[in-house]
$ cat entry_33.cif   # mmCIF, C-alpha atoms and all ligand atoms; chains and numbers go by the auth columns
data_protein
#
loop_
_atom_site.group_PDB
_atom_site.id
_atom_site.type_symbol
_atom_site.label_atom_id
_atom_site.label_comp_id
_atom_site.label_asym_id
_atom_site.label_seq_id
_atom_site.Cartn_x
_atom_site.Cartn_y
_atom_site.Cartn_z
_atom_site.B_iso_or_equiv
_atom_site.auth_seq_id
_atom_site.auth_asym_id
ATOM 1 C CA MET A 1 0.000 0.000 0.000 0.00 1 A
ATOM 2 C CA GLY A 2 0.950 3.633 0.098 0.00 2 A
ATOM 3 C CA GLY A 3 1.850 5.909 -2.760 0.00 3 A
ATOM 4 C CA ARG A 4 -0.549 8.004 -4.700 0.00 4 A
ATOM 5 C CA LEU A 5 -2.890 6.554 -7.259 0.00 5 A
ATOM 6 C CA ARG A 6 -1.850 7.464 -10.758 0.00 6 A
ATOM 7 C CA VAL A 7 -4.803 8.051 -13.028 0.00 7 A
ATOM 8 C CA GLY A 8 -5.258 9.574 -16.453 0.00 8 A
ATOM 9 C CA VAL A 9 -7.717 11.987 -18.013 0.00 9 A
ATOM 10 C CA LEU A 10 -8.182 11.541 -21.755 0.00 10 A
ATOM 11 C CA ALA A 11 -7.073 14.984 -22.940 0.00 11 A
ATOM 12 C CA ILE A 12 -8.188 15.083 -26.552 0.00 12 A
ATOM 13 C CA GLN A 13 -11.207 17.385 -26.184 0.00 13 A
ATOM 14 C CA GLY A 14 -13.689 18.360 -23.482 0.00 14 A
ATOM 15 C CA ASP A 15 -13.638 19.376 -19.831 0.00 15 A
ATOM 16 C CA VAL A 16 -10.270 17.843 -19.060 0.00 16 A
ATOM 17 C CA ARG A 17 -9.169 20.452 -16.509 0.00 17 A
ATOM 18 C CA GLU A 18 -12.260 20.104 -14.352 0.00 18 A
ATOM 19 C CA HIS A 19 -11.699 16.362 -14.003 0.00 19 A
ATOM 20 C CA ALA A 20 -7.981 16.802 -13.390 0.00 20 A
ATOM 21 C CA ARG A 21 -8.755 19.274 -10.595 0.00 21 A
ATOM 22 C CA VAL A 22 -11.241 16.980 -8.831 0.00 22 A
ATOM 23 C CA LEU A 23 -8.881 14.007 -9.031 0.00 23 A
ATOM 24 C CA THR A 24 -5.956 16.094 -7.775 0.00 24 A
ATOM 25 C CA ASP A 25 -8.096 17.428 -4.911 0.00 25 A
ATOM 26 C CA LEU A 26 -8.820 13.809 -3.989 0.00 26 A
ATOM 27 C CA GLY A 27 -5.083 13.129 -3.750 0.00 27 A
ATOM 28 C CA ALA A 28 -4.476 11.316 -7.023 0.00 28 A
ATOM 29 C CA GLU A 29 -1.553 11.931 -9.333 0.00 29 A
ATOM 30 C CA VAL A 30 -3.053 12.955 -12.668 0.00 30 A
ATOM 31 C CA GLN A 31 -1.586 12.280 -16.078 0.00 31 A
ATOM 32 C CA LEU A 32 -3.169 13.904 -19.129 0.00 32 A
ATOM 33 C CA VAL A 33 -3.453 11.140 -21.721 0.00 33 A
ATOM 34 C CA ARG A 34 -3.064 11.877 -25.435 0.00 34 A
ATOM 35 C CA ARG A 35 -0.721 9.092 -26.491 0.00 35 A
ATOM 36 C CA PRO A 36 -0.503 5.334 -25.930 0.00 36 A
ATOM 37 C CA VAL A 37 2.653 5.680 -23.824 0.00 37 A
ATOM 38 C CA GLU A 38 0.764 7.964 -21.421 0.00 38 A
ATOM 39 C CA LEU A 39 -2.113 5.501 -21.205 0.00 39 A
ATOM 40 C CA SER A 40 0.259 2.717 -20.261 0.00 40 A
ATOM 41 C CA SER A 41 1.552 4.772 -17.317 0.00 41 A
ATOM 42 C CA VAL A 42 -1.818 5.008 -15.518 0.00 42 A
ATOM 43 C CA ASP A 43 -4.021 2.616 -13.541 0.00 43 A
ATOM 44 C CA GLY A 44 -7.355 4.170 -14.493 0.00 44 A
ATOM 45 C CA LEU A 45 -8.759 6.627 -17.003 0.00 45 A
ATOM 46 C CA VAL A 46 -11.428 9.335 -16.962 0.00 46 A
ATOM 47 C CA LEU A 47 -13.199 10.130 -20.226 0.00 47 A
ATOM 48 C CA PRO A 48 -14.426 13.740 -19.963 0.00 48 A
ATOM 49 C CA GLY A 49 -17.550 15.458 -21.172 0.00 49 A
ATOM 50 C CA GLY A 50 -17.325 17.327 -24.424 0.00 50 A
ATOM 51 C CA GLU A 51 -18.306 16.174 -27.880 0.00 51 A
ATOM 52 C CA SER A 52 -18.220 12.416 -28.273 0.00 52 A
ATOM 53 C CA SER A 53 -18.000 12.474 -32.071 0.00 53 A
ATOM 54 C CA ALA A 54 -14.940 14.761 -31.923 0.00 54 A
ATOM 55 C CA ILE A 55 -13.258 12.667 -29.218 0.00 55 A
ATOM 56 C CA ASP A 56 -13.996 9.544 -31.274 0.00 56 A
ATOM 57 C CA LYS A 57 -12.557 10.986 -34.487 0.00 57 A
ATOM 58 C CA LEU A 58 -9.480 12.496 -32.874 0.00 58 A
ATOM 59 C CA SER A 59 -8.751 9.416 -30.789 0.00 59 A
ATOM 60 C CA ARG A 60 -8.710 7.380 -33.981 0.00 60 A
ATOM 61 C CA ALA A 61 -6.481 9.975 -35.664 0.00 61 A
ATOM 62 C CA PHE A 62 -4.088 9.890 -32.682 0.00 62 A
ATOM 63 C CA GLY A 63 -3.970 6.092 -32.665 0.00 63 A
ATOM 64 C CA MET A 64 -5.710 5.946 -29.281 0.00 64 A
ATOM 65 C CA GLN A 65 -8.830 3.936 -30.094 0.00 65 A
ATOM 66 C CA HIS A 66 -7.182 0.525 -30.049 0.00 66 A
ATOM 67 C CA PRO A 67 -5.018 1.156 -26.974 0.00 67 A
ATOM 68 C CA ILE A 68 -8.098 2.336 -25.062 0.00 68 A
ATOM 69 C CA ARG A 69 -10.138 -0.661 -26.221 0.00 69 A
ATOM 70 C CA ASP A 70 -7.258 -2.939 -25.204 0.00 70 A
ATOM 71 C CA ALA A 71 -7.071 -1.258 -21.786 0.00 71 A
ATOM 72 C CA ILE A 72 -10.809 -1.781 -21.270 0.00 72 A
ATOM 73 C CA ALA A 73 -10.473 -5.428 -22.303 0.00 73 A
ATOM 74 C CA ALA A 74 -7.575 -5.790 -19.850 0.00 74 A
ATOM 75 C CA GLY A 75 -9.763 -4.491 -17.012 0.00 75 A
ATOM 76 C CA MET A 76 -8.574 -0.918 -16.554 0.00 76 A
ATOM 77 C CA PRO A 77 -11.110 1.067 -14.495 0.00 77 A
ATOM 78 C CA MET A 78 -12.653 3.959 -16.401 0.00 78 A
ATOM 79 C CA TYR A 79 -15.150 6.666 -15.592 0.00 79 A
ATOM 80 C CA GLY A 80 -16.958 8.527 -18.369 0.00 80 A
ATOM 81 C CA THR A 81 -19.110 11.630 -17.930 0.00 81 A
ATOM 82 C CA CYS A 82 -21.607 12.621 -20.606 0.00 82 A
ATOM 83 C CA ALA A 83 -19.594 12.353 -23.862 0.00 83 A
ATOM 84 C CA GLY A 84 -17.397 9.921 -21.903 0.00 84 A
ATOM 85 C CA LEU A 85 -20.437 7.748 -21.147 0.00 85 A
ATOM 86 C CA ILE A 86 -21.262 7.724 -24.870 0.00 86 A
ATOM 87 C CA LEU A 87 -17.700 6.611 -25.616 0.00 87 A
ATOM 88 C CA LEU A 88 -17.969 3.704 -23.158 0.00 88 A
ATOM 89 C CA ALA A 89 -21.281 2.473 -24.602 0.00 89 A
ATOM 90 C CA ASP A 90 -21.351 -0.681 -26.700 0.00 90 A
ATOM 91 C CA ARG A 91 -24.227 0.791 -28.718 0.00 91 A
ATOM 92 C CA ILE A 92 -25.338 4.350 -29.476 0.00 92 A
ATOM 93 C CA THR A 93 -28.333 5.891 -31.157 0.00 93 A
ATOM 94 C CA ASP A 94 -28.343 9.307 -32.829 0.00 94 A
ATOM 95 C CA GLY A 95 -24.589 9.267 -33.337 0.00 95 A
ATOM 96 C CA ILE A 96 -23.201 11.105 -36.352 0.00 96 A
ATOM 97 C CA VAL A 97 -22.570 9.030 -39.480 0.00 97 A
ATOM 98 C CA GLY A 98 -19.664 6.697 -38.878 0.00 98 A
ATOM 99 C CA GLN A 99 -19.391 7.502 -35.154 0.00 99 A
ATOM 100 C CA GLU A 100 -17.666 4.762 -33.177 0.00 100 A
ATOM 101 C CA THR A 101 -17.187 4.141 -29.479 0.00 101 A
ATOM 102 C CA PHE A 102 -14.593 2.387 -27.338 0.00 102 A
ATOM 103 C CA GLY A 103 -17.342 0.246 -25.849 0.00 103 A
ATOM 104 C CA GLY A 104 -17.183 -1.822 -22.675 0.00 104 A
ATOM 105 C CA LEU A 105 -20.538 -0.981 -21.113 0.00 105 A
ATOM 106 C CA ASP A 106 -23.348 -3.266 -22.256 0.00 106 A
ATOM 107 C CA VAL A 107 -25.696 -0.329 -22.777 0.00 107 A
ATOM 108 C CA THR A 108 -27.483 1.519 -25.542 0.00 108 A
ATOM 109 C CA VAL A 109 -27.006 5.257 -25.089 0.00 109 A
ATOM 110 C CA ARG A 110 -28.929 7.938 -26.955 0.00 110 A
ATOM 111 C CA ARG A 111 -26.914 11.075 -27.704 0.00 111 A
ATOM 112 C CA ASN A 112 -28.532 14.456 -27.067 0.00 112 A
ATOM 113 C CA ALA A 113 -31.537 12.691 -25.594 0.00 113 A
ATOM 114 C CA PHE A 114 -33.024 15.832 -24.040 0.00 114 A
ATOM 115 C CA GLY A 115 -33.898 18.046 -26.995 0.00 115 A
ATOM 116 C CA GLY A 116 -35.224 21.607 -27.214 0.00 116 A
ATOM 117 C CA GLN A 117 -35.878 23.639 -24.100 0.00 117 A
ATOM 118 C CA THR A 118 -34.562 21.083 -21.702 0.00 118 A
ATOM 119 C CA GLU A 119 -31.260 20.475 -23.459 0.00 119 A
ATOM 120 C CA SER A 120 -29.543 21.590 -20.285 0.00 120 A
ATOM 121 C CA PHE A 121 -31.020 21.233 -16.812 0.00 121 A
ATOM 122 C CA GLU A 122 -30.135 20.494 -13.204 0.00 122 A
ATOM 123 C CA THR A 123 -31.765 18.159 -10.746 0.00 123 A
ATOM 124 C CA ASP A 124 -31.077 16.311 -7.504 0.00 124 A
ATOM 125 C CA LEU A 125 -30.609 12.571 -7.879 0.00 125 A
ATOM 126 C CA ASP A 126 -30.738 9.808 -5.319 0.00 126 A
ATOM 127 C CA VAL A 127 -27.718 7.593 -5.781 0.00 127 A
ATOM 128 C CA PRO A 128 -28.025 4.679 -3.328 0.00 128 A
ATOM 129 C CA ALA A 129 -24.432 3.579 -3.961 0.00 129 A
ATOM 130 C CA LEU A 130 -23.231 6.989 -2.707 0.00 130 A
ATOM 131 C CA GLY A 131 -25.697 7.482 0.151 0.00 131 A
ATOM 132 C CA ASP A 132 -26.835 10.890 1.390 0.00 132 A
ATOM 133 C CA PRO A 133 -27.073 13.679 0.396 0.00 133 A
ATOM 134 C CA PRO A 134 -28.506 13.395 -3.138 0.00 134 A
ATOM 135 C CA VAL A 135 -26.246 14.306 -6.030 0.00 135 A
ATOM 136 C CA HIS A 136 -26.851 17.709 -7.600 0.00 136 A
ATOM 137 C CA ALA A 137 -26.599 16.738 -11.255 0.00 137 A
ATOM 138 C CA VAL A 138 -25.986 19.060 -14.193 0.00 138 A
ATOM 139 C CA PHE A 139 -27.075 17.764 -17.589 0.00 139 A
ATOM 140 C CA ILE A 140 -25.606 19.534 -20.647 0.00 140 A
ATOM 141 C CA ARG A 141 -26.828 18.209 -23.997 0.00 141 A
ATOM 142 C CA ALA A 142 -26.818 14.967 -22.129 0.00 142 A
ATOM 143 C CA PRO A 143 -27.236 11.376 -23.245 0.00 143 A
ATOM 144 C CA LEU A 144 -29.562 8.790 -21.725 0.00 144 A
ATOM 145 C CA VAL A 145 -29.093 5.074 -21.088 0.00 145 A
ATOM 146 C CA GLU A 146 -31.972 3.618 -23.071 0.00 146 A
ATOM 147 C CA GLN A 147 -31.262 -0.031 -22.497 0.00 147 A
ATOM 148 C CA HIS A 148 -28.800 -1.985 -20.407 0.00 148 A
ATOM 149 C CA GLY A 149 -27.742 -5.600 -20.136 0.00 149 A
ATOM 150 C CA PRO A 150 -28.068 -7.834 -17.068 0.00 150 A
ATOM 151 C CA ASP A 151 -24.535 -7.148 -15.817 0.00 151 A
ATOM 152 C CA VAL A 152 -25.086 -3.409 -15.729 0.00 152 A
ATOM 153 C CA GLU A 153 -26.108 -1.765 -12.456 0.00 153 A
ATOM 154 C CA ALA A 154 -28.253 1.370 -12.730 0.00 154 A
ATOM 155 C CA LEU A 155 -26.717 3.773 -10.175 0.00 155 A
ATOM 156 C CA ALA A 156 -29.197 6.589 -10.700 0.00 156 A
ATOM 157 C CA ALA A 157 -32.385 7.374 -12.557 0.00 157 A
ATOM 158 C CA LEU A 158 -34.557 10.422 -13.140 0.00 158 A
ATOM 159 C CA ASP A 159 -37.961 10.571 -11.414 0.00 159 A
ATOM 160 C CA ASP A 160 -39.561 8.979 -14.478 0.00 160 A
ATOM 161 C CA GLY A 161 -37.212 6.010 -14.250 0.00 161 A
ATOM 162 C CA ARG A 162 -34.871 6.880 -17.106 0.00 162 A
ATOM 163 C CA VAL A 163 -31.349 5.716 -16.252 0.00 163 A
ATOM 164 C CA VAL A 164 -28.592 8.341 -16.107 0.00 164 A
ATOM 165 C CA ALA A 165 -25.737 6.603 -14.246 0.00 165 A
ATOM 166 C CA VAL A 166 -24.440 3.052 -14.582 0.00 166 A
ATOM 167 C CA ARG A 167 -21.689 0.739 -13.459 0.00 167 A
ATOM 168 C CA GLN A 168 -20.518 -2.525 -14.950 0.00 168 A
ATOM 169 C CA GLY A 169 -17.547 -4.029 -13.145 0.00 169 A
ATOM 170 C CA VAL A 170 -14.791 -1.413 -13.168 0.00 170 A
ATOM 171 C CA LEU A 171 -16.529 0.874 -15.668 0.00 171 A
ATOM 172 C CA ILE A 172 -18.682 3.786 -14.473 0.00 172 A
ATOM 173 C CA GLY A 173 -20.659 6.206 -16.603 0.00 173 A
ATOM 174 C CA THR A 174 -22.810 9.229 -15.780 0.00 174 A
ATOM 175 C CA ALA A 175 -24.901 11.287 -18.215 0.00 175 A
ATOM 176 C CA PHE A 176 -24.229 14.347 -16.025 0.00 176 A
ATOM 177 C CA HIS A 177 -21.134 16.236 -14.877 0.00 177 A
ATOM 178 C CA PRO A 178 -20.129 15.881 -11.199 0.00 178 A
ATOM 179 C CA GLU A 179 -16.828 17.575 -12.073 0.00 179 A
ATOM 180 C CA VAL A 180 -18.524 20.972 -12.486 0.00 180 A
ATOM 181 C CA THR A 181 -20.498 21.097 -9.222 0.00 181 A
ATOM 182 C CA GLY A 182 -17.945 20.218 -6.560 0.00 182 A
ATOM 183 C CA GLU A 183 -19.453 16.740 -6.249 0.00 183 A
ATOM 184 C CA LEU A 184 -16.570 14.417 -5.395 0.00 184 A
ATOM 185 C CA ARG A 185 -18.235 11.096 -4.688 0.00 185 A
ATOM 186 C CA PHE A 186 -18.304 9.669 -8.217 0.00 186 A
ATOM 187 C CA HIS A 187 -14.594 10.379 -8.625 0.00 187 A
ATOM 188 C CA GLU A 188 -14.039 8.825 -5.194 0.00 188 A
ATOM 189 C CA LEU A 189 -15.939 5.737 -6.331 0.00 189 A
ATOM 190 C CA PHE A 190 -13.731 5.634 -9.422 0.00 190 A
ATOM 191 C CA LEU A 191 -10.538 6.033 -7.358 0.00 191 A
ATOM 192 C CA ASN A 192 -11.660 3.314 -4.946 0.00 192 A
ATOM 193 C CA THR A 193 -12.163 1.044 -7.949 0.00 193 A
ATOM 194 C CA VAL A 194 -8.652 1.895 -9.185 0.00 194 A
ATOM 195 C CA ARG A 195 -7.247 1.235 -5.703 0.00 195 A
ATOM 196 C CA ALA A 196 -8.969 -2.136 -5.561 0.00 196 A
ATOM 197 C CA THR A 197 -7.602 -3.250 -8.918 0.00 197 A
ATOM 198 C CA SER A 198 -4.042 -1.855 -8.918 0.00 198 A
HETATM 199 N N1 LIG B . -23.870 15.989 -26.716 0.00 201 B
HETATM 200 C C1 LIG B . -22.479 15.643 -26.481 0.00 201 B
HETATM 201 C C2 LIG B . -22.055 14.447 -27.310 0.00 201 B
HETATM 202 O O1 LIG B . -22.792 13.927 -28.063 0.00 201 B
HETATM 203 C C3 LIG B . -22.211 15.355 -25.029 0.00 201 B
HETATM 204 C C4 LIG B . -22.359 16.616 -24.227 0.00 201 B
HETATM 205 C C5 LIG B . -21.492 16.676 -22.997 0.00 201 B
HETATM 206 O O2 LIG B . -20.526 15.921 -22.850 0.00 201 B
HETATM 207 N N2 LIG B . -21.780 17.627 -22.169 0.00 201 B
HETATM 208 O O3 LIG B . -20.939 14.051 -27.199 0.00 201 B
#
$ encode --input "entry_33.cif" --output "structure tokens" --more "lines below"
Ligand code: GLN
Amino acid sequence: MGGRLRVGVLAIQGDVREHARVLTDLGAEVQLVRRPVELSSVDGLVLPGGESSAIDKLSRAFGMQHPIRDAIAAGMPMYGTCAGLILLADRITDGIVGQETFGGLDVTVRRNAFGGQTESFETDLDVPALGDPPVHAVFIRAPLVEQHGPDVEALAALDDGRVVAVRQGVLIGTAFHPEVTGELRFHELFLNTVRATS
């Protein structure tokens, strides 16, 4: 034991700094990950919010898609918020033409699921795995988990039952952005998962 956890934030596009700050505040050593060699130096990876189609395209251009898929297959813990959740989904609907994901979560995720007026909104969510108080969740052009397989645990749902946070083994995904509200518990859950596997 001892030593700081070394975790990465995929730093291709999106709210990289916000995640890096939360993880640093929680005592982790943070590596920004743009290249395979940086990925191989970390024990877990956060996939930020941003634009999933851009992160997909650029990660392929930078030769990162296969290394990230290999890391997922090898059991590296990952936490994706919003666009990051989309990138961890095995299946997506309403992606742009040719959009791919890293996959890993046995879920179908709909991009930009909250159209029109409610594209962005905030709400308090009960998350039994995190206990009290509820999580103040910010949704920004957020996706929704439309369907999930039997090995996927729904961590949180909206009042109408629609699932917005999931976990499958060492992979966690939220449709909202804890990194922008000072909410630390999802990142703590991620770091505990990294600690348990490294
Ligand atoms: N709508 C974005 C996408 O499709 C996600 C938005 C976000 O990450 N805040 O990637």
$ residues_around --input "entry_33.cif" --residues "range 192-195 of chain A" --least-positions-apart "6" --cutoff "10 Å" --atoms "only C-alpha atoms" --output "PDB file with C-alpha atoms, in the frame of the given file"
ATOM      1  CA  MET A   1       0.000   0.000   0.000  1.00  0.00           C
ATOM      2  CA  ARG A   4      -0.549   8.004  -4.700  1.00  0.00           C
ATOM      3  CA  LEU A   5      -2.890   6.554  -7.259  1.00  0.00           C
ATOM      4  CA  ARG A   6      -1.850   7.464 -10.758  1.00  0.00           C
ATOM      5  CA  VAL A   7      -4.803   8.051 -13.028  1.00  0.00           C
ATOM      6  CA  VAL A  42      -1.818   5.008 -15.518  1.00  0.00           C
ATOM      7  CA  ASP A  43      -4.021   2.616 -13.541  1.00  0.00           C
ATOM      8  CA  GLY A  44      -7.355   4.170 -14.493  1.00  0.00           C
ATOM      9  CA  LEU A  45      -8.759   6.627 -17.003  1.00  0.00           C
ATOM     10  CA  MET A  76      -8.574  -0.918 -16.554  1.00  0.00           C
ATOM     11  CA  PRO A  77     -11.110   1.067 -14.495  1.00  0.00           C
ATOM     12  CA  MET A  78     -12.653   3.959 -16.401  1.00  0.00           C
ATOM     13  CA  TYR A  79     -15.150   6.666 -15.592  1.00  0.00           C
ATOM     14  CA  GLY A 169     -17.547  -4.029 -13.145  1.00  0.00           C
ATOM     15  CA  VAL A 170     -14.791  -1.413 -13.168  1.00  0.00           C
ATOM     16  CA  LEU A 171     -16.529   0.874 -15.668  1.00  0.00           C
ATOM     17  CA  ILE A 172     -18.682   3.786 -14.473  1.00  0.00           C
ATOM     18  CA  PHE A 186     -18.304   9.669  -8.217  1.00  0.00           C
TER      19      PHE A 186
END
$ resolve_selection --input "entry_33.cif" --expression "the PyMOL selection byres (((not hetatm)) within 8 of (chain B and resi 201))" --output "list in words"
Gly14, Pro48, Gly49, Gly50, Glu51, Ser52, Ser53, Ala54, Thr81, Cys82, Ala83, Gly84, Ile86, Gly95, Arg111, Asn112, Phe139, Ile140, Arg141, Ala142, Pro143, Ala175, Phe176 and His177 of chain A
$ write_last_selection --input "entry_33.cif" --atoms "C-alpha atoms" --output "PDB file, in the frame of the given file"
ATOM      1  CA  GLY A  14     -13.689  18.360 -23.482  1.00  0.00           C
ATOM      2  CA  PRO A  48     -14.426  13.740 -19.963  1.00  0.00           C
ATOM      3  CA  GLY A  49     -17.550  15.458 -21.172  1.00  0.00           C
ATOM      4  CA  GLY A  50     -17.325  17.327 -24.424  1.00  0.00           C
ATOM      5  CA  GLU A  51     -18.306  16.174 -27.880  1.00  0.00           C
ATOM      6  CA  SER A  52     -18.220  12.416 -28.273  1.00  0.00           C
ATOM      7  CA  SER A  53     -18.000  12.474 -32.071  1.00  0.00           C
ATOM      8  CA  ALA A  54     -14.940  14.761 -31.923  1.00  0.00           C
ATOM      9  CA  THR A  81     -19.110  11.630 -17.930  1.00  0.00           C
ATOM     10  CA  CYS A  82     -21.607  12.621 -20.606  1.00  0.00           C
ATOM     11  CA  ALA A  83     -19.594  12.353 -23.862  1.00  0.00           C
ATOM     12  CA  GLY A  84     -17.397   9.921 -21.903  1.00  0.00           C
ATOM     13  CA  ILE A  86     -21.262   7.724 -24.870  1.00  0.00           C
ATOM     14  CA  GLY A  95     -24.589   9.267 -33.337  1.00  0.00           C
ATOM     15  CA  ARG A 111     -26.914  11.075 -27.704  1.00  0.00           C
ATOM     16  CA  ASN A 112     -28.532  14.456 -27.067  1.00  0.00           C
ATOM     17  CA  PHE A 139     -27.075  17.764 -17.589  1.00  0.00           C
ATOM     18  CA  ILE A 140     -25.606  19.534 -20.647  1.00  0.00           C
ATOM     19  CA  ARG A 141     -26.828  18.209 -23.997  1.00  0.00           C
ATOM     20  CA  ALA A 142     -26.818  14.967 -22.129  1.00  0.00           C
ATOM     21  CA  PRO A 143     -27.236  11.376 -23.245  1.00  0.00           C
ATOM     22  CA  ALA A 175     -24.901  11.287 -18.215  1.00  0.00           C
ATOM     23  CA  PHE A 176     -24.229  14.347 -16.025  1.00  0.00           C
ATOM     24  CA  HIS A 177     -21.134  16.236 -14.877  1.00  0.00           C
TER      25      HIS A 177
END
$ closest_residue --input "entry_33.cif" --among "A:Glu183, A:Asp151, A:Asp56, A:Asp106" --to "Val138 in chain A" --atoms "all atoms listed in the file"
A:Glu183
$ residues_around --input "entry_33.cif" --residues "Val30 in chain A" --least-positions-apart "2" --cutoff "7 Å" --atoms "all atoms listed in the file" --output "list in words"
Arg6, Val7, Gly8, Ala20, Leu23, Thr24, Ala28 and Leu32 of chain A
$ atom_distance --input "entry_33.cif" --atom1 "CA of Leu10 in chain A" --atom2 "CA of Thr118 in chain A"
28.1 Å
$ closest_residue --input "entry_33.cif" --among "A:Ile72, A:Val22, A:Val97, A:Val33" --to "Thr181 in chain A" --atoms "only C-alpha atoms"
A:Val22
$ build_atoms --input "entry_33.cif" --residues "range 184-191 of chain A" --atoms "all heavy atoms" --output "compact mmCIF listing (two decimals), keeping the file's coordinate frame"
# COMPACT_ATOMS: atom_id res chain seq x y z
N LEU A 184 -17.80 15.21 -5.33
CA LEU A 184 -16.57 14.42 -5.40
C LEU A 184 -16.82 12.91 -5.37
O LEU A 184 -15.91 12.12 -5.65
CB LEU A 184 -15.66 14.76 -4.21
CG LEU A 184 -15.23 16.23 -4.07
CD1 LEU A 184 -14.36 16.40 -2.82
CD2 LEU A 184 -14.48 16.70 -5.31
N ARG A 185 -18.05 12.51 -5.04
CA ARG A 185 -18.24 11.10 -4.69
C ARG A 185 -18.12 10.13 -5.86
O ARG A 185 -17.71 8.99 -5.68
CB ARG A 185 -19.57 10.91 -3.95
CG ARG A 185 -19.53 11.51 -2.55
CD ARG A 185 -20.90 11.53 -1.92
NE ARG A 185 -21.79 12.48 -2.59
CZ ARG A 185 -23.11 12.54 -2.38
NH1 ARG A 185 -23.67 11.70 -1.52
NH2 ARG A 185 -23.84 13.43 -3.02
N PHE A 186 -18.48 10.58 -7.08
CA PHE A 186 -18.30 9.67 -8.22
C PHE A 186 -16.82 9.45 -8.51
O PHE A 186 -16.40 8.35 -8.83
CB PHE A 186 -19.03 10.20 -9.46
CG PHE A 186 -20.48 9.82 -9.49
CD1 PHE A 186 -21.44 10.73 -9.10
CD2 PHE A 186 -20.87 8.55 -9.89
CE1 PHE A 186 -22.79 10.39 -9.12
CE2 PHE A 186 -22.21 8.20 -9.90
CZ PHE A 186 -23.17 9.12 -9.52
N HIS A 187 -16.04 10.53 -8.40
CA HIS A 187 -14.59 10.38 -8.62
C HIS A 187 -13.96 9.53 -7.52
O HIS A 187 -13.03 8.78 -7.77
CB HIS A 187 -13.93 11.75 -8.72
CG HIS A 187 -14.30 12.51 -9.97
ND1 HIS A 187 -15.49 13.16 -10.09
CD2 HIS A 187 -13.66 12.66 -11.15
CE1 HIS A 187 -15.56 13.71 -11.30
NE2 HIS A 187 -14.47 13.42 -11.96
N GLU A 188 -14.51 9.67 -6.30
CA GLU A 188 -14.04 8.82 -5.19
C GLU A 188 -14.33 7.35 -5.47
O GLU A 188 -13.49 6.49 -5.24
CB GLU A 188 -14.76 9.24 -3.91
CG GLU A 188 -13.87 9.86 -2.87
CD GLU A 188 -14.71 10.62 -1.83
OE1 GLU A 188 -15.95 10.42 -1.76
OE2 GLU A 188 -14.12 11.41 -1.12
N LEU A 189 -15.55 7.11 -5.98
CA LEU A 189 -15.94 5.74 -6.33
C LEU A 189 -14.98 5.19 -7.39
O LEU A 189 -14.52 4.04 -7.31
CB LEU A 189 -17.38 5.75 -6.86
CG LEU A 189 -18.06 4.43 -7.17
CD1 LEU A 189 -18.28 3.62 -5.90
CD2 LEU A 189 -19.41 4.67 -7.87
N PHE A 190 -14.68 6.02 -8.38
CA PHE A 190 -13.73 5.63 -9.42
C PHE A 190 -12.36 5.35 -8.80
O PHE A 190 -11.75 4.30 -9.09
CB PHE A 190 -13.65 6.75 -10.47
CG PHE A 190 -12.47 6.66 -11.38
CD1 PHE A 190 -12.36 5.64 -12.33
CD2 PHE A 190 -11.44 7.60 -11.31
CE1 PHE A 190 -11.25 5.55 -13.17
CE2 PHE A 190 -10.34 7.52 -12.16
CZ PHE A 190 -10.25 6.49 -13.07
N LEU A 191 -11.87 6.24 -7.94
CA LEU A 191 -10.54 6.03 -7.36
C LEU A 191 -10.51 4.80 -6.46
O LEU A 191 -9.51 4.07 -6.41
CB LEU A 191 -10.09 7.28 -6.58
CG LEU A 191 -9.76 8.51 -7.45
CD1 LEU A 191 -9.42 9.71 -6.55
CD2 LEU A 191 -8.60 8.22 -8.40
